[in-house]
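Let me begin by presenting the structure, written as structure tokens, before commenting on it.
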Amino acid sequence: MAGFTRSIEIDRPAGAVWDLIGNFDSLPLWLDQIATSVLEEDGQVRRLTTTSGAVIIERLLHFDDAAQSLTYAHVEAPDPVRDYVATMTVNAHGPDRARATWHSTFIPVGISEEQAVALFATIYEGGLSALKARLEAA
């Protein structure tokens, strides 16, 4: 099983960062590749549509508002991996600074571990940079 983690420092209070990340339906607001998100099953499943038209279905596995952490798994996705599980967390680094971390584990299918990591590195780095830009501009 492969694992991958990316973090970014954001010049905003942790609560403000969590308000955005902790909303399971918020990906279109900060992840450029996601065009739409529709919650299903009482908010436990999100159906994402990418800007290229692909559909990703994810299930919320764990949500901890106090710890500012959520974990989700792919139910259906076009990515060449299986058993994808990701956790997003926000930690305070002072009163007006936070660290957002995105971690996942998965098993590559039909590609090498290095190729799978490179795929997610592009998504995570771009997404976290966009998150930082959106929040720091607010």
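Letters A, B, ... go to the chains of the structure tokens in the order shown; residues in each chain start at 1; ligands are counted from 1 in the same order.
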Discussion item. Which residues are close to His74 of chain A, i.e. within 6 Å by only C-alpha atoms, leaving aside same-chain residues fewer than 2 positions away? Reply as a PyMOL selection string.
Written reply: chain A and resi 58+76+84
Restrict the selected residues to all heavy atoms and save them as an mmCIF file, in the first residue's frame.
```cif
data_model
loop_
_atom_site.group_PDB
_atom_site.id
_atom_site.type_symbol
_atom_site.label_atom_id
_atom_site.label_comp_id
_atom_site.auth_asym_id
_atom_site.auth_seq_id
_atom_site.Cartn_x
_atom_site.Cartn_y
_atom_site.Cartn_z
ATOM 1 N N GLU A 58 -17.462 9.660 -3.239
ATOM 2 C CA GLU A 58 -16.686 9.480 -2.019
ATOM 3 C C GLU A 58 -17.616 9.363 -0.821
ATOM 4 O O GLU A 58 -18.638 10.045 -0.754
ATOM 5 C CB GLU A 58 -15.727 10.665 -1.819
ATOM 6 C CG GLU A 58 -14.725 10.775 -2.941
ATOM 7 C CD GLU A 58 -13.820 11.987 -2.843
ATOM 8 O OE1 GLU A 58 -14.243 13.005 -2.251
ATOM 9 O OE2 GLU A 58 -12.691 11.923 -3.365
ATOM 10 N N GLU A 76 -16.156 5.257 -5.984
ATOM 11 C CA GLU A 76 -16.010 5.133 -7.439
ATOM 12 C C GLU A 76 -15.163 6.314 -7.902
ATOM 13 O O GLU A 76 -15.413 7.455 -7.513
ATOM 14 C CB GLU A 76 -17.387 5.192 -8.092
ATOM 15 C CG GLU A 76 -17.412 5.144 -9.586
ATOM 16 C CD GLU A 76 -18.830 5.280 -10.132
ATOM 17 O OE1 GLU A 76 -19.736 4.623 -9.602
ATOM 18 O OE2 GLU A 76 -19.007 6.059 -11.083
ATOM 19 N N TYR A 84 -8.524 3.602 -1.882
ATOM 20 C CA TYR A 84 -8.102 4.973 -1.588
ATOM 21 C C TYR A 84 -8.850 5.488 -0.362
ATOM 22 O O TYR A 84 -10.084 5.498 -0.326
ATOM 23 C CB TYR A 84 -8.399 5.869 -2.790
ATOM 24 C CG TYR A 84 -8.103 7.343 -2.566
ATOM 25 C CD1 TYR A 84 -6.890 7.888 -2.946
ATOM 26 C CD2 TYR A 84 -9.058 8.187 -1.999
ATOM 27 C CE1 TYR A 84 -6.617 9.236 -2.764
ATOM 28 C CE2 TYR A 84 -8.788 9.531 -1.812
ATOM 29 C CZ TYR A 84 -7.581 10.052 -2.195
ATOM 30 O OH TYR A 84 -7.311 11.383 -2.010
#
```
Worksheet item: Which residues come within 10 Å of segment 47-49 of chain A, counting only C-alpha atoms, excluding same-chain residues fewer than 3 positions away, as a ChimeraX atom specification?
Response: /A:25,27-28,33-40,52-59,75-77
Based on the selection just made, write N, CA and C atoms of those residues as an mmCIF file, in the first residue's frame.
```cif
data_model
loop_
_atom_site.group_PDB
_atom_site.id
_atom_site.type_symbol
_atom_site.label_atom_id
_atom_site.label_comp_id
_atom_site.auth_asym_id
_atom_site.auth_seq_id
_atom_site.Cartn_x
_atom_site.Cartn_y
_atom_site.Cartn_z
ATOM 1 N N ASP A 25 -18.972 19.283 1.425
ATOM 2 C CA ASP A 25 -19.503 19.653 0.115
ATOM 3 C C ASP A 25 -18.728 20.804 -0.525
ATOM 4 N N LEU A 27 -15.542 21.130 -1.895
ATOM 5 C CA LEU A 27 -14.422 20.989 -2.832
ATOM 6 C C LEU A 27 -14.492 21.918 -4.050
ATOM 7 N N PRO A 28 -15.667 22.143 -4.657
ATOM 8 C CA PRO A 28 -15.684 23.050 -5.819
ATOM 9 C C PRO A 28 -15.273 24.484 -5.476
ATOM 10 N N GLN A 33 -10.077 21.327 -10.019
ATOM 11 C CA GLN A 33 -10.489 20.213 -10.873
ATOM 12 C C GLN A 33 -11.929 19.765 -10.626
ATOM 13 N N ILE A 34 -12.555 20.226 -9.541
ATOM 14 C CA ILE A 34 -13.913 19.791 -9.203
ATOM 15 C C ILE A 34 -14.909 20.877 -9.589
ATOM 16 N N ALA A 35 -15.820 20.526 -10.504
ATOM 17 C CA ALA A 35 -16.821 21.489 -10.981
ATOM 18 C C ALA A 35 -18.042 21.522 -10.068
ATOM 19 N N THR A 36 -18.513 20.335 -9.635
ATOM 20 C CA THR A 36 -19.713 20.285 -8.803
ATOM 21 C C THR A 36 -19.583 19.206 -7.736
ATOM 22 N N SER A 37 -20.350 19.409 -6.674
ATOM 23 C CA SER A 37 -20.443 18.425 -5.592
ATOM 24 C C SER A 37 -21.901 18.352 -5.169
ATOM 25 N N VAL A 38 -22.419 17.141 -5.088
ATOM 26 C CA VAL A 38 -23.790 16.922 -4.646
ATOM 27 C C VAL A 38 -23.752 15.915 -3.504
ATOM 28 N N LEU A 39 -24.313 16.317 -2.358
ATOM 29 C CA LEU A 39 -24.358 15.409 -1.209
ATOM 30 C C LEU A 39 -25.522 14.440 -1.345
ATOM 31 N N GLU A 40 -25.280 13.204 -0.945
ATOM 32 C CA GLU A 40 -26.290 12.148 -0.955
ATOM 33 C C GLU A 40 -26.237 11.422 0.378
ATOM 34 N N SER A 52 -13.480 17.955 -16.284
ATOM 35 C CA SER A 52 -13.427 17.181 -17.530
ATOM 36 C C SER A 52 -14.626 16.251 -17.684
ATOM 37 N N GLY A 53 -15.538 16.252 -16.691
ATOM 38 C CA GLY A 53 -16.756 15.457 -16.783
ATOM 39 C C GLY A 53 -16.712 14.111 -16.073
ATOM 40 N N ALA A 54 -15.582 13.736 -15.503
ATOM 41 C CA ALA A 54 -15.495 12.464 -14.775
ATOM 42 C C ALA A 54 -16.277 12.572 -13.461
ATOM 43 N N VAL A 55 -16.777 11.430 -13.011
ATOM 44 C CA VAL A 55 -17.539 11.376 -11.764
ATOM 45 C C VAL A 55 -16.721 10.633 -10.710
ATOM 46 N N ILE A 56 -16.677 11.214 -9.518
ATOM 47 C CA ILE A 56 -16.005 10.607 -8.367
ATOM 48 C C ILE A 56 -17.034 10.544 -7.244
ATOM 49 N N ILE A 57 -17.178 9.380 -6.661
ATOM 50 C CA ILE A 57 -18.093 9.230 -5.531
ATOM 51 C C ILE A 57 -17.261 8.881 -4.310
ATOM 52 N N GLU A 58 -17.462 9.660 -3.239
ATOM 53 C CA GLU A 58 -16.686 9.480 -2.019
ATOM 54 C C GLU A 58 -17.616 9.363 -0.821
ATOM 55 N N ARG A 59 -17.229 8.512 0.106
ATOM 56 C CA ARG A 59 -18.004 8.300 1.339
ATOM 57 C C ARG A 59 -17.229 8.858 2.522
ATOM 58 N N VAL A 75 -15.474 5.578 -3.409
ATOM 59 C CA VAL A 75 -16.405 4.499 -3.722
ATOM 60 C C VAL A 75 -16.283 4.184 -5.207
ATOM 61 N N GLU A 76 -16.156 5.257 -5.984
ATOM 62 C CA GLU A 76 -16.010 5.133 -7.439
ATOM 63 C C GLU A 76 -15.163 6.314 -7.902
ATOM 64 N N ALA A 77 -14.152 6.024 -8.718
ATOM 65 C CA ALA A 77 -13.286 7.095 -9.223
ATOM 66 C C ALA A 77 -12.510 6.592 -10.434
#
```
What lies within 9 Å of Ile8 of chain A using only C-alpha atoms, ignoring chain neighbours under 2 positions off, as a PDB file with N, CA and C atoms, in the first residue's frame?
```pdb
ATOM      1  N   ARG A   6       0.682  15.765   1.904  1.00  0.00           N
ATOM      2  CA  ARG A   6       1.103  17.126   1.595  1.00  0.00           C
ATOM      3  C   ARG A   6       0.466  18.048   2.621  1.00  0.00           C
ATOM      4  N   ILE A  10      -1.069  28.243   6.140  1.00  0.00           N
ATOM      5  CA  ILE A  10      -2.025  29.249   5.673  1.00  0.00           C
ATOM      6  C   ILE A  10      -2.110  30.355   6.719  1.00  0.00           C
ATOM      7  N   ALA A  98      -2.430  28.465  10.303  1.00  0.00           N
ATOM      8  CA  ALA A  98      -2.857  27.071  10.377  1.00  0.00           C
ATOM      9  C   ALA A  98      -2.070  26.237   9.380  1.00  0.00           C
ATOM     10  N   ARG A  99      -2.045  24.950   9.656  1.00  0.00           N
ATOM     11  CA  ARG A  99      -1.467  23.993   8.713  1.00  0.00           C
ATOM     12  C   ARG A  99      -2.595  23.067   8.273  1.00  0.00           C
ATOM     13  N   ALA A 100      -2.805  22.991   6.963  1.00  0.00           N
ATOM     14  CA  ALA A 100      -3.762  22.051   6.383  1.00  0.00           C
ATOM     15  C   ALA A 100      -2.966  20.878   5.832  1.00  0.00           C
ATOM     16  N   THR A 101      -3.384  19.669   6.201  1.00  0.00           N
ATOM     17  CA  THR A 101      -2.686  18.459   5.771  1.00  0.00           C
ATOM     18  C   THR A 101      -3.673  17.530   5.072  1.00  0.00           C
ATOM     19  N   GLU A 125      -0.977  19.271  -4.301  1.00  0.00           N
ATOM     20  CA  GLU A 125      -0.218  20.517  -4.281  1.00  0.00           C
ATOM     21  C   GLU A 125      -1.009  21.656  -4.915  1.00  0.00           C
ATOM     22  N   LEU A 128      -4.067  22.414  -2.461  1.00  0.00           N
ATOM     23  CA  LEU A 128      -3.695  23.122  -1.237  1.00  0.00           C
ATOM     24  C   LEU A 128      -3.220  24.546  -1.539  1.00  0.00           C
ATOM     25  N   SER A 129      -2.548  24.737  -2.654  1.00  0.00           N
ATOM     26  CA  SER A 129      -2.143  26.098  -3.044  1.00  0.00           C
ATOM     27  C   SER A 129      -3.366  26.960  -3.337  1.00  0.00           C
ATOM     28  N   LYS A 132      -5.033  27.862  -0.003  1.00  0.00           N
ATOM     29  CA  LYS A 132      -4.275  28.936   0.640  1.00  0.00           C
ATOM     30  C   LYS A 132      -4.605  30.284  -0.016  1.00  0.00           C
TER      31      LYS A 132
END
```
Item to complete: Quick one: everything within 12 Å of Ile111 of chain A, counting only C-alpha atoms, minus sequence neighbours fewer than 6 positions away in the same chain. Send it as number ranges by chain.
Response: A: 2, 79-82, 117-119
Worksheet item: Neighbours of Arg134 of chain A within 8 Å (only C-alpha atoms; same-chain residues fewer than 4 positions away dropped), as number ranges by chain?
Response: A: 30, 130, 138
Practice prompt. Identify, with DSSP run on backbone atoms, the residues in segment 27-79 of chain A assigned to strand (DSSP E), and express the list as a ChimeraX atom specification.
Written response: /A:34-40,45-50,55-64,69-76
Item to complete: Using DSSP on the backbone, list every residue of segment 23-138 of chain A that comes out as alpha helix (DSSP H), and give them as number ranges by chain.
Response: A: 27-30, 113-137
Worksheet item: With only C-alpha atoms as the basis for distance, which of A:Asp65, A:Asp83, A:Asp19, A:Asp32 is at the shortest distance from Ala133 of chain A?
Response: A:Asp32
